[in-house]
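K.L.:
Contents are mmCIF, C-alpha atoms; file name upload25.cif:
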```cif
data_data
#
loop_
_atom_site.group_PDB
_atom_site.id
_atom_site.type_symbol
_atom_site.label_atom_id
_atom_site.label_comp_id
_atom_site.auth_asym_id
_atom_site.auth_seq_id
_atom_site.Cartn_x
_atom_site.Cartn_y
_atom_site.Cartn_z
ATOM 1 C CA MET A 167 99.533 88.424 83.015
ATOM 2 C CA GLU A 168 102.492 89.973 84.787
ATOM 3 C CA MET A 169 102.387 93.654 85.722
ATOM 4 C CA GLN A 170 105.811 94.178 84.170
ATOM 5 C CA HIS A 171 104.533 92.878 80.838
ATOM 6 C CA ALA A 172 101.679 95.375 80.931
ATOM 7 C CA ARG A 173 104.131 98.173 81.778
ATOM 8 C CA TYR A 174 106.444 97.217 78.899
ATOM 9 C CA PHE A 175 103.503 97.094 76.498
ATOM 10 C CA VAL A 176 102.305 100.591 77.493
ATOM 11 C CA SER A 177 105.791 102.050 77.154
ATOM 12 C CA LEU A 178 106.274 100.477 73.723
ATOM 13 C CA ALA A 179 102.812 101.611 72.614
ATOM 14 C CA ASN A 180 103.742 105.171 73.612
ATOM 15 C CA HIS A 181 107.228 105.209 72.039
ATOM 16 C CA LEU A 182 106.703 102.774 69.118
ATOM 17 C CA ASN A 183 110.407 102.118 69.385
ATOM 18 C CA PHE A 184 111.904 99.094 71.156
ATOM 19 C CA THR A 185 115.136 100.872 72.064
ATOM 20 C CA LYS A 186 113.407 103.904 73.596
ATOM 21 C CA ALA A 187 110.851 101.749 75.383
ATOM 22 C CA SER A 188 113.543 99.538 76.920
ATOM 23 C CA GLU A 189 115.471 102.631 78.078
ATOM 24 C CA HIS A 190 112.284 104.100 79.576
ATOM 25 C CA CYS A 191 111.598 100.859 81.456
ATOM 26 C CA ASP A 192 115.262 100.474 82.464
ATOM 27 C CA VAL A 193 115.436 96.983 80.975
ATOM 28 C CA SER A 194 117.462 95.435 78.191
ATOM 29 C CA GLN A 195 115.892 95.384 74.742
ATOM 30 C CA PRO A 196 115.971 91.543 74.500
ATOM 31 C CA SER A 197 114.144 91.315 77.859
ATOM 32 C CA LEU A 198 111.487 93.761 76.680
ATOM 33 C CA THR A 199 111.124 91.849 73.399
ATOM 34 C CA ARG A 200 110.670 88.534 75.245
ATOM 35 C CA ALA A 201 108.074 90.114 77.543
ATOM 36 C CA ILE A 202 106.080 91.401 74.557
ATOM 37 C CA GLN A 203 106.304 87.991 72.893
ATOM 38 C CA SER A 204 105.064 86.332 76.096
ATOM 39 C CA LEU A 205 102.168 88.783 76.264
ATOM 40 C CA GLU A 206 101.296 88.101 72.614
ATOM 41 C CA ALA A 207 101.270 84.375 73.276
ATOM 42 C CA GLU A 208 98.986 84.874 76.262
ATOM 43 C CA LEU A 209 96.579 87.166 74.382
ATOM 44 C CA GLY A 210 96.489 85.079 71.238
ATOM 45 C CA GLY A 211 98.017 87.283 68.569
ATOM 46 C CA PRO A 212 100.627 89.890 67.636
ATOM 47 C CA LEU A 213 100.357 93.260 69.349
ATOM 48 C CA PHE A 214 102.967 95.128 67.293
ATOM 49 C CA ARG A 215 104.221 94.993 63.727
ATOM 50 C CA ARG A 216 107.887 95.811 63.135
ATOM 51 C CA GLU A 217 108.510 97.153 59.678
ATOM 52 C CA ARG A 218 112.084 98.391 59.831
ATOM 53 C CA ALA A 219 111.803 101.807 61.461
ATOM 54 C CA ASN A 220 108.016 101.693 61.436
ATOM 55 C CA THR A 221 106.780 99.891 64.548
ATOM 56 C CA HIS A 222 103.023 100.183 65.037
ATOM 57 C CA LEU A 223 100.153 98.602 66.944
ATOM 58 C CA THR A 224 98.099 95.823 65.387
ATOM 59 C CA GLU A 225 94.305 95.853 65.683
ATOM 60 C CA LEU A 226 94.608 93.565 68.723
ATOM 61 C CA GLY A 227 97.194 95.923 70.221
ATOM 62 C CA GLN A 228 94.913 98.895 69.681
ATOM 63 C CA LEU A 229 92.024 96.961 71.227
ATOM 64 C CA ILE A 230 93.789 96.110 74.488
ATOM 65 C CA ARG A 231 95.827 99.326 74.804
ATOM 66 C CA PRO A 232 93.253 101.253 76.897
ATOM 67 C CA TYR A 233 92.817 98.287 79.249
ATOM 68 C CA LEU A 234 96.510 97.755 79.899
ATOM 69 C CA THR A 235 97.063 101.502 80.175
ATOM 70 C CA ALA A 236 94.372 101.634 82.879
ATOM 71 C CA VAL A 237 95.984 98.682 84.670
ATOM 72 C CA VAL A 238 99.387 100.395 84.741
ATOM 73 C CA GLU A 239 97.952 103.765 85.791
ATOM 74 C CA ASN A 240 95.879 102.199 88.568
ATOM 75 C CA ALA A 241 98.840 100.197 89.822
ATOM 76 C CA THR A 242 100.973 103.365 89.875
ATOM 77 C CA ALA A 243 98.242 105.240 91.744
ATOM 78 C CA ALA A 244 97.841 102.372 94.218
ATOM 79 C CA ARG A 245 101.574 102.341 94.968
ATOM 80 C CA ALA A 246 101.541 106.106 95.476
ATOM 81 C CA GLU A 247 98.559 105.914 97.824
ATOM 82 C CA ALA A 248 100.128 103.052 99.777
ATOM 83 C CA CYS A 249 103.398 104.964 100.094
ATOM 84 C CA ALA A 250 101.553 108.073 101.267
ATOM 85 C CA TYR A 251 99.574 105.981 103.741
ATOM 86 C CA ALA A 252 102.687 104.380 105.194
ATOM 87 C CA GLN A 253 104.492 107.706 105.407
ATOM 88 C CA PHE A 254 101.566 109.601 106.985
ATOM 89 C CA GLY A 255 100.494 111.038 103.689
ATOM 90 C CA LYS A 256 97.060 111.594 102.243
ATOM 91 C CA VAL A 257 94.652 109.797 104.540
ATOM 92 C CA THR A 258 90.949 110.341 105.171
ATOM 93 C CA LEU A 259 89.769 109.707 108.726
ATOM 94 C CA LYS A 260 86.104 108.750 109.078
ATOM 95 C CA ILE A 261 84.565 110.124 112.260
ATOM 96 C CA GLY A 262 81.065 109.387 113.516
ATOM 97 C CA VAL A 263 79.441 111.842 115.899
ATOM 98 C CA VAL A 264 76.272 111.298 117.878
ATOM 99 C CA ARG A 265 73.635 113.822 116.934
ATOM 100 C CA SER A 266 73.387 115.495 120.352
ATOM 101 C CA VAL A 267 77.109 116.410 120.545
ATOM 102 C CA ALA A 268 77.696 120.048 119.602
ATOM 103 C CA PRO A 269 80.311 120.524 116.850
ATOM 104 C CA ASN A 270 82.221 123.398 118.493
ATOM 105 C CA ALA A 271 84.971 121.595 120.379
ATOM 106 C CA LEU A 272 85.556 118.869 117.798
ATOM 107 C CA SER A 273 85.722 121.455 115.004
ATOM 108 C CA ARG A 274 88.417 123.371 116.915
ATOM 109 C CA PHE A 275 90.437 120.179 117.323
ATOM 110 C CA LEU A 276 90.085 119.199 113.648
ATOM 111 C CA ALA A 277 91.285 122.660 112.589
ATOM 112 C CA THR A 278 94.306 122.446 114.923
ATOM 113 C CA PHE A 279 95.183 118.923 113.791
ATOM 114 C CA HIS A 280 94.815 119.871 110.110
ATOM 115 C CA GLU A 281 97.285 122.739 110.542
ATOM 116 C CA GLU A 282 99.908 120.227 111.675
ATOM 117 C CA HIS A 283 98.936 117.529 109.161
ATOM 118 C CA PRO A 284 97.488 119.217 106.052
ATOM 119 C CA ASP A 285 97.353 115.986 104.018
ATOM 120 C CA VAL A 286 94.883 114.401 106.432
ATOM 121 C CA LYS A 287 91.239 114.890 105.459
ATOM 122 C CA PHE A 288 88.089 114.120 107.414
ATOM 123 C CA VAL A 289 84.647 112.700 106.815
ATOM 124 C CA VAL A 290 82.232 113.472 109.668
ATOM 125 C CA LYS A 291 78.905 111.654 109.791
ATOM 126 C CA VAL A 292 76.123 112.250 112.304
ATOM 127 C CA PHE A 293 74.281 109.278 113.807
ATOM 128 C CA GLU A 294 71.936 108.159 116.522
ATOM 129 C CA ALA A 295 73.954 106.444 119.274
ATOM 130 C CA ASP A 296 73.065 102.808 118.486
ATOM 131 C CA ALA A 297 73.685 103.172 114.758
ATOM 132 C CA LEU A 298 76.946 105.010 115.457
ATOM 133 C CA LEU A 299 78.383 102.189 117.552
ATOM 134 C CA GLU A 300 77.198 99.555 115.071
ATOM 135 C CA ASP A 301 79.071 101.329 112.261
ATOM 136 C CA LEU A 302 82.139 101.565 114.486
ATOM 137 C CA LYS A 303 82.067 97.820 115.175
ATOM 138 C CA ALA A 304 81.598 97.126 111.451
ATOM 139 C CA GLY A 305 84.655 99.220 110.546
ATOM 140 C CA LYS A 306 82.661 101.771 108.553
ATOM 141 C CA ILE A 307 84.088 104.596 110.678
ATOM 142 C CA ASP A 308 87.433 104.924 112.466
ATOM 143 C CA LEU A 309 86.258 106.749 115.570
ATOM 144 C CA ALA A 310 83.005 107.542 117.372
ATOM 145 C CA VAL A 311 82.457 110.721 119.381
ATOM 146 C CA ILE A 312 79.555 110.218 121.728
ATOM 147 C CA GLY A 313 78.078 111.757 124.850
ATOM 148 C CA GLU A 314 76.804 109.865 127.866
ATOM 149 C CA PRO A 315 74.730 107.858 128.344
ATOM 150 C CA TYR A 316 75.433 105.056 125.873
ATOM 151 C CA LYS A 317 75.827 101.297 125.967
ATOM 152 C CA THR A 318 79.488 100.380 126.090
ATOM 153 C CA HIS A 319 81.047 97.111 124.957
ATOM 154 C CA SER A 320 84.131 95.200 126.061
ATOM 155 C CA LYS A 321 85.656 95.533 122.601
ATOM 156 C CA PHE A 322 85.524 99.339 122.805
ATOM 157 C CA HIS A 323 88.248 101.585 124.169
ATOM 158 C CA VAL A 324 86.886 104.768 125.758
ATOM 159 C CA MET A 325 88.875 108.010 125.949
ATOM 160 C CA LYS A 326 87.239 110.964 127.675
ATOM 161 C CA LEU A 327 87.604 114.221 125.749
ATOM 162 C CA TYR A 328 85.712 116.726 127.897
ATOM 163 C CA SER A 329 82.563 117.283 129.969
ATOM 164 C CA GLU A 330 79.560 119.135 128.643
ATOM 165 C CA ARG A 331 77.017 120.821 130.907
ATOM 166 C CA TYR A 332 73.416 121.186 129.801
ATOM 167 C CA ASN A 333 71.626 124.445 130.487
ATOM 168 C CA ILE A 334 68.252 126.061 130.143
ATOM 169 C CA VAL A 335 68.476 128.207 126.994
ATOM 170 C CA LEU A 336 66.209 131.105 126.060
ATOM 171 C CA SER A 337 66.116 133.963 123.606
ATOM 172 C CA LYS A 338 67.501 137.195 125.060
ATOM 173 C CA THR A 339 64.028 138.714 124.785
ATOM 174 C CA HIS A 340 62.375 135.895 126.772
ATOM 175 C CA PRO A 341 60.634 137.116 129.969
ATOM 176 C CA LEU A 342 62.956 134.942 132.099
ATOM 177 C CA ALA A 343 66.184 135.842 130.285
ATOM 178 C CA THR A 344 67.240 138.568 132.745
ATOM 179 C CA ARG A 345 66.551 136.525 135.876
ATOM 180 C CA ASP A 346 69.576 135.317 137.832
ATOM 181 C CA VAL A 347 67.685 132.269 139.062
ATOM 182 C CA VAL A 348 64.787 130.533 137.342
ATOM 183 C CA THR A 349 62.720 127.995 139.259
ATOM 184 C CA ASN A 350 61.033 124.934 137.846
ATOM 185 C CA ASP A 351 57.658 126.333 138.870
ATOM 186 C CA GLU A 352 58.293 129.381 136.697
ATOM 187 C CA LEU A 353 59.488 127.282 133.757
ATOM 188 C CA MET A 354 56.317 125.188 133.908
ATOM 189 C CA THR A 355 54.310 128.247 132.872
ATOM 190 C CA HIS A 356 56.314 128.763 129.670
ATOM 191 C CA ASP A 357 56.440 126.900 126.366
ATOM 192 C CA PHE A 358 59.112 124.253 125.886
ATOM 193 C CA VAL A 359 61.029 123.350 122.705
ATOM 194 C CA SER A 360 61.712 119.630 122.888
ATOM 195 C CA ARG A 361 64.720 118.024 121.175
ATOM 196 C CA GLU A 362 63.500 114.466 120.830
ATOM 197 C CA HIS A 363 66.891 112.944 120.010
ATOM 198 C CA CYS A 364 68.574 114.448 123.107
ATOM 199 C CA PHE A 365 68.570 112.357 126.296
ATOM 200 C CA TYR A 366 68.980 115.435 128.499
ATOM 201 C CA SER A 367 66.140 117.343 126.864
ATOM 202 C CA ARG A 368 63.862 114.336 127.374
ATOM 203 C CA LEU A 369 65.082 113.881 130.967
ATOM 204 C CA PHE A 370 64.332 117.518 131.788
ATOM 205 C CA GLU A 371 60.883 117.255 130.223
ATOM 206 C CA MET A 372 60.073 114.185 132.314
ATOM 207 C CA GLU A 373 61.400 115.822 135.489
ATOM 208 C CA ILE A 374 59.729 119.219 135.261
ATOM 209 C CA PHE A 375 56.333 118.245 133.897
ATOM 210 C CA PRO A 376 54.410 115.844 136.158
ATOM 211 C CA SER A 377 52.672 114.068 133.291
ATOM 212 C CA PRO A 378 52.708 114.085 129.478
ATOM 213 C CA THR A 379 49.381 115.896 129.426
ATOM 214 C CA GLN A 380 50.942 118.833 131.270
ATOM 215 C CA THR A 381 53.940 119.151 128.952
ATOM 216 C CA HIS A 382 54.109 122.676 127.557
ATOM 217 C CA SER A 383 55.924 121.471 124.449
ATOM 218 C CA VAL A 384 55.216 124.000 121.725
ATOM 219 C CA LEU A 385 57.611 122.314 119.276
ATOM 220 C CA ARG A 386 59.095 118.832 119.068
ATOM 221 C CA THR A 387 61.978 118.259 116.655
ATOM 222 C CA ASP A 388 64.924 115.935 116.080
ATOM 223 C CA ARG A 389 66.989 118.674 114.440
ATOM 224 C CA ASP A 390 69.147 121.050 116.452
ATOM 225 C CA ASP A 391 69.036 123.782 113.825
ATOM 226 C CA TRP A 392 65.253 123.914 114.072
ATOM 227 C CA ALA A 393 65.378 123.930 117.871
ATOM 228 C CA LEU A 394 67.985 126.714 117.934
ATOM 229 C CA GLU A 395 66.046 128.878 115.509
ATOM 230 C CA ALA A 396 62.785 128.322 117.357
ATOM 231 C CA ILE A 397 64.324 129.249 120.717
ATOM 232 C CA SER A 398 66.135 132.258 119.223
ATOM 233 C CA ALA A 399 62.835 133.443 117.742
ATOM 234 C CA GLY A 400 61.211 133.308 121.182
ATOM 235 C CA LEU A 401 58.943 130.321 120.542
ATOM 236 C CA GLY A 402 59.960 128.716 123.834
ATOM 237 C CA PHE A 403 62.868 127.651 126.010
ATOM 238 C CA GLY A 404 64.924 124.491 125.663
ATOM 239 C CA VAL A 405 67.685 122.382 127.197
ATOM 240 C CA MET A 406 70.969 122.339 125.309
ATOM 241 C CA ALA A 407 74.695 121.961 125.791
ATOM 242 C CA GLU A 408 76.231 125.225 126.965
ATOM 243 C CA THR A 409 78.437 125.469 123.863
ATOM 244 C CA GLN A 410 75.368 125.338 121.633
ATOM 245 C CA ALA A 411 73.845 128.227 123.544
ATOM 246 C CA ARG A 412 77.023 130.292 123.175
ATOM 247 C CA ARG A 413 77.159 129.651 119.455
ATOM 248 C CA ALA A 414 73.578 130.753 118.969
ATOM 249 C CA HIS A 415 73.952 133.835 121.238
ATOM 250 C CA LEU A 416 71.172 132.684 123.538
ATOM 251 C CA ALA A 417 70.653 133.466 127.193
ATOM 252 C CA SER A 418 71.674 130.476 129.311
ATOM 253 C CA LYS A 419 70.740 129.387 132.832
ATOM 254 C CA PRO A 420 72.747 126.571 134.419
ATOM 255 C CA LEU A 421 71.127 123.382 135.648
ATOM 256 C CA GLU A 422 72.872 122.590 138.911
ATOM 257 C CA ASP A 423 71.717 118.970 138.888
ATOM 258 C CA GLU A 424 74.808 116.823 138.185
ATOM 259 C CA ARG A 425 72.706 114.475 136.079
ATOM 260 C CA PHE A 426 72.807 117.182 133.406
ATOM 261 C CA VAL A 427 76.588 116.910 132.873
ATOM 262 C CA SER A 428 77.665 114.604 130.069
ATOM 263 C CA SER A 429 81.077 113.083 129.406
ATOM 264 C CA ILE A 430 81.978 113.436 125.726
ATOM 265 C CA ASP A 431 84.075 110.413 124.803
ATOM 266 C CA ALA A 432 86.059 109.138 121.851
ATOM 267 C CA ILE A 433 85.352 105.460 121.220
ATOM 268 C CA THR A 434 87.652 103.158 119.242
ATOM 269 C CA VAL A 435 87.776 99.391 118.750
ATOM 270 C CA ARG A 436 90.406 97.565 120.781
ATOM 271 C CA GLY A 437 93.111 95.867 118.754
ATOM 272 C CA ARG A 438 92.024 97.281 115.390
ATOM 273 C CA GLN A 439 94.887 98.269 113.072
ATOM 274 C CA HIS A 440 94.877 101.909 112.003
ATOM 275 C CA SER A 441 97.046 104.231 109.934
ATOM 276 C CA PRO A 442 99.895 106.293 111.424
ATOM 277 C CA ALA A 443 97.679 109.340 110.867
ATOM 278 C CA PHE A 444 95.009 107.875 113.106
ATOM 279 C CA GLY A 445 97.602 107.177 115.788
ATOM 280 C CA ALA A 446 98.712 110.817 115.656
ATOM 281 C CA PHE A 447 95.058 111.897 115.785
ATOM 282 C CA ILE A 448 94.523 109.988 119.040
ATOM 283 C CA ARG A 449 97.796 111.232 120.575
ATOM 284 C CA ASP A 450 96.941 114.840 119.739
ATOM 285 C CA ALA A 451 93.400 114.396 121.060
ATOM 286 C CA ARG A 452 94.831 113.307 124.429
ATOM 287 C CA LYS A 453 96.909 116.497 124.653
ATOM 288 C CA PHE A 454 94.355 118.948 123.261
ATOM 289 C CA ASN A 455 92.783 121.590 125.514
ATOM 290 C CA TRP A 456 89.139 120.711 124.981
ATOM 291 C CA SER A 457 87.754 123.157 127.507
#
```
Rewrite the structure of this file - the entire thing - as structure tokens.

P.N.:
Amino acid sequence: MEMQHARYFVSLANHLNFTKASEHCDVSQPSLTRAIQSLEAELGGPLFRRERANTHLTELGQLIRPYLTAVVENATAARAEACAYAQFGKVTLKIGVVRSVAPNALSRFLATFHEEHPDVKFVVKVFEADALLEDLKAGKIDLAVIGEPYKTHSKFHVMKLYSERYNIVLSKTHPLATRDVVTNDELMTHDFVSREHCFYSRLFEMEIFPSPTQTHSVLRTDRDDWALEAISAGLGFGVMAETQARRAHLASKPLEDERFVSSIDAITVRGRQHSPAFGAFIRDARKFNWS
């Protein structure tokens, strides 16, 4: 079945007049008539009855009308979407973010980009690192935003966005909150809120506490919102990215150890074809002030 035949059928079904339908389709009336006859031959019966000025659908015509109408409408919608895609129109970019990356900086960039390109929408999904990169390789997401450390791959292209320092974070009523300098010996006497999904939280816990039996972990969680609330409530101190501490209005003490600085990177797949919108997204990300 040719798409034009379906389009002619729908127009004739709407107008019930061969002359008006041919004008609507910008085709001669004999051409429209031949197309309808060809469609009738293909479908096995008459679709219209012409009784002088009274053209109407047969039972077969009424039966297939909703199907051919859907075909024409879907084809029209597909052409519109394709045109919008090619002309940087309505596109949805799928972004995967590793769980430990704070949303502050990326949210600022998305808001700035959306102001310039209001037709571009976003889907942001949060993953563990391994699952994130697997979905990127499989084409389920367009871009991965991930913090070090992670296992890279030769097929990945890495673009650094910014660096993120990890700090000791405490409630403002914590006994150590007003101290300019806090030593590890002092921290060992206080309860710790452990973020199990965060490499830097686990690293700090292994470094400061000599053995698992001496860990003063009052709460272990894989959710940042729980960790933030627990620390804000004074349950214990934690290790978090400095932007997370600012957002939660917590007291923050820097960790001078350079191992607690993470590079936040955008990962894409080399050679993969993307939309013009995605290309603009990457170009703008390179120029954006992430700090």

K.L.:
When the PyMOL selection byres ((chain A and resi 385) around 8) is applied to the structure above, which residues does it catch, written out as a PyMOL selection string?

P.N.:
chain A and resi 358-360+383-384+386-387

K.L.:
Quick one: residues within 12 Å of segment 410-412 of chain A, all atoms listed in the file, excluding same-chain residues fewer than 3 positions away - as a ChimeraX atom specification?

P.N.:
/A:266-271,330-338,390-391,393-395,397-398,403-407,415-420

K.L.:
Between atom CA of Ala172 of chain A and atom CA of Val237 of chain A, what is the distance, to one decimal in Å?

P.N.:
7.6 Å

K.L.:
Report as an MDAnalysis selection string the full result of the PyMOL selection byres ((chain A and resi 457) around 10) when it is applied to this structure.

P.N.:
chainID A and resid 271 327:330 454:456

K.L.:
Name the residues captured by the PyMOL selection byres ((chain A and resi 438-445) around 10) when it is applied to the shown file; answer as a PDB file with C-alpha atoms, keeping the file's coordinate frame.

P.N.:
```pdb
ATOM      1  CA  TYR A 251      99.574 105.981 103.741  1.00  0.00           C
ATOM      2  CA  ALA A 252     102.687 104.380 105.194  1.00  0.00           C
ATOM      3  CA  GLN A 253     104.492 107.706 105.407  1.00  0.00           C
ATOM      4  CA  PHE A 254     101.566 109.601 106.985  1.00  0.00           C
ATOM      5  CA  GLY A 255     100.494 111.038 103.689  1.00  0.00           C
ATOM      6  CA  LYS A 256      97.060 111.594 102.243  1.00  0.00           C
ATOM      7  CA  VAL A 257      94.652 109.797 104.540  1.00  0.00           C
ATOM      8  CA  THR A 258      90.949 110.341 105.171  1.00  0.00           C
ATOM      9  CA  LEU A 259      89.769 109.707 108.726  1.00  0.00           C
ATOM     10  CA  LYS A 260      86.104 108.750 109.078  1.00  0.00           C
ATOM     11  CA  HIS A 283      98.936 117.529 109.161  1.00  0.00           C
ATOM     12  CA  ASP A 285      97.353 115.986 104.018  1.00  0.00           C
ATOM     13  CA  VAL A 286      94.883 114.401 106.432  1.00  0.00           C
ATOM     14  CA  LYS A 303      82.067  97.820 115.175  1.00  0.00           C
ATOM     15  CA  GLY A 305      84.655  99.220 110.546  1.00  0.00           C
ATOM     16  CA  ASP A 308      87.433 104.924 112.466  1.00  0.00           C
ATOM     17  CA  LEU A 309      86.258 106.749 115.570  1.00  0.00           C
ATOM     18  CA  LYS A 321      85.656  95.533 122.601  1.00  0.00           C
ATOM     19  CA  THR A 434      87.652 103.158 119.242  1.00  0.00           C
ATOM     20  CA  VAL A 435      87.776  99.391 118.750  1.00  0.00           C
ATOM     21  CA  ARG A 436      90.406  97.565 120.781  1.00  0.00           C
ATOM     22  CA  GLY A 437      93.111  95.867 118.754  1.00  0.00           C
ATOM     23  CA  ALA A 446      98.712 110.817 115.656  1.00  0.00           C
ATOM     24  CA  PHE A 447      95.058 111.897 115.785  1.00  0.00           C
ATOM     25  CA  ILE A 448      94.523 109.988 119.040  1.00  0.00           C
ATOM     26  CA  ARG A 449      97.796 111.232 120.575  1.00  0.00           C
ATOM     27  CA  ASP A 450      96.941 114.840 119.739  1.00  0.00           C
ATOM     28  CA  ALA A 451      93.400 114.396 121.060  1.00  0.00           C
TER      29      ALA A 451
END
```

K.L.:
Report, in Å with one decimal, the straight-line distance from atom CA of His363 of chain A to atom CA of His319 of chain A.

P.N.:
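Here the two named atoms are 21.8 Å from each other.
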
K.L.:
Edge lengths and centre, in Å to one decimal, as AutoDock Vina command-line options: that's what I need for the box along x, y and z that holds all listed atoms of segment 312-326 of chain A plus 8 Å on each side.

P.N.:
```
--center_x 81.8 --center_y 103.5 --center_z 125.0 --size_x 30.1 --size_y 32.6 --size_z 22.6
```

K.L.:
Which one of A:Arg425, A:His340, A:Arg361, A:His171 sits closest to Leu209 of chain A if you count only C-alpha atoms?

P.N.:
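Nearest candidate to Leu209 of chain A out of A:Arg425, A:His340, A:Arg361, A:His171: A:His171.
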
K.L.:
For Ala236 of chain A, which residue out of A:Thr344, A:Leu302, A:Phe214, A:Met169 is the nearest one, using only C-alpha atoms?

P.N.:
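Closest to Ala236 of chain A, using only C-alpha atoms: A:Met169.
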
K.L.:
Pick the closest to Pro315 of chain A from A:Leu369, A:Leu401, A:Leu229, A:Leu198: which is it, counting only C-alpha atoms?

P.N.:
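Nearest to Pro315 of chain A: A:Leu369.
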
K.L.:
For the atom pair atom CA of Trp392 of chain A and atom CA of Lys306 of chain A, what is the interatomic distance in Å to one decimal place?

P.N.:
28.7 Å

K.L.:
Nearest to Ile202 of chain A: which of A:Ser188, A:Thr318, A:Thr278, A:Thr242 is it, counting only C-alpha atoms?

P.N.:
A:Ser188

K.L.:
Which is closest to Glu168 of chain A among A:Thr339, A:Ser204, A:Asn350, A:Asn180, if we use all atoms listed in the file?

P.N.:
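Smallest separation from Glu168 of chain A among the options: A:Ser204.
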
K.L.:
Dump as a PyMOL selection string all residues having an atom at most 10 Å from (110.0, 103.7, 62.8), computed in the file's coordinates with only C-alpha atoms.

P.N.:
chain A and resi 181-184+216-222

K.L.:
Just the residues within 12 Å of Arg200 of chain A, please, counting all atoms listed in the file, with nothing from its chain fewer than 6 positions along; format it as a PyMOL selection string.

P.N.:
chain A and resi 170-171+174-175+184+188+193-194+206-207

K.L.:
Could you write out that same residue set with C-alpha atoms as a CSV table (one decimal), keeping the file's coordinate frame?

P.N.:
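Listing of again.csv after writing:
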```
chain,number,residue,atom,x,y,z
A,170,GLN,CA,105.8,94.2,84.2
A,171,HIS,CA,104.5,92.9,80.8
A,174,TYR,CA,106.4,97.2,78.9
A,175,PHE,CA,103.5,97.1,76.5
A,184,PHE,CA,111.9,99.1,71.2
A,188,SER,CA,113.5,99.5,76.9
A,193,VAL,CA,115.4,97.0,81.0
A,194,SER,CA,117.5,95.4,78.2
A,206,GLU,CA,101.3,88.1,72.6
A,207,ALA,CA,101.3,84.4,73.3
```

K.L.:
Looking at only C-alpha atoms, which of A:Val263, A:Val348, A:Pro284, A:Ala244 is the one that sits closest to Asp301 of chain A?

P.N.:
A:Val263

K.L.:
Could you give me, as a compact mmCIF listing (two decimals) with C-alpha atoms, in the coordinates of the input, the residues that have an atom at most 9 Å away from the point (84.7, 111.3, 128.4) in the coordinates of the file, using all atoms listed in the file?

P.N.:
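After the write, out_26.txt holds the following:
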```
# COMPACT_ATOMS: atom_id res chain seq x y z
CA ILE A 312 79.56 110.22 121.73
CA GLY A 313 78.08 111.76 124.85
CA GLU A 314 76.80 109.86 127.87
CA VAL A 324 86.89 104.77 125.76
CA MET A 325 88.88 108.01 125.95
CA LYS A 326 87.24 110.96 127.68
CA LEU A 327 87.60 114.22 125.75
CA TYR A 328 85.71 116.73 127.90
CA SER A 329 82.56 117.28 129.97
CA SER A 428 77.67 114.60 130.07
CA SER A 429 81.08 113.08 129.41
CA ILE A 430 81.98 113.44 125.73
CA ASP A 431 84.08 110.41 124.80
CA ALA A 432 86.06 109.14 121.85
```
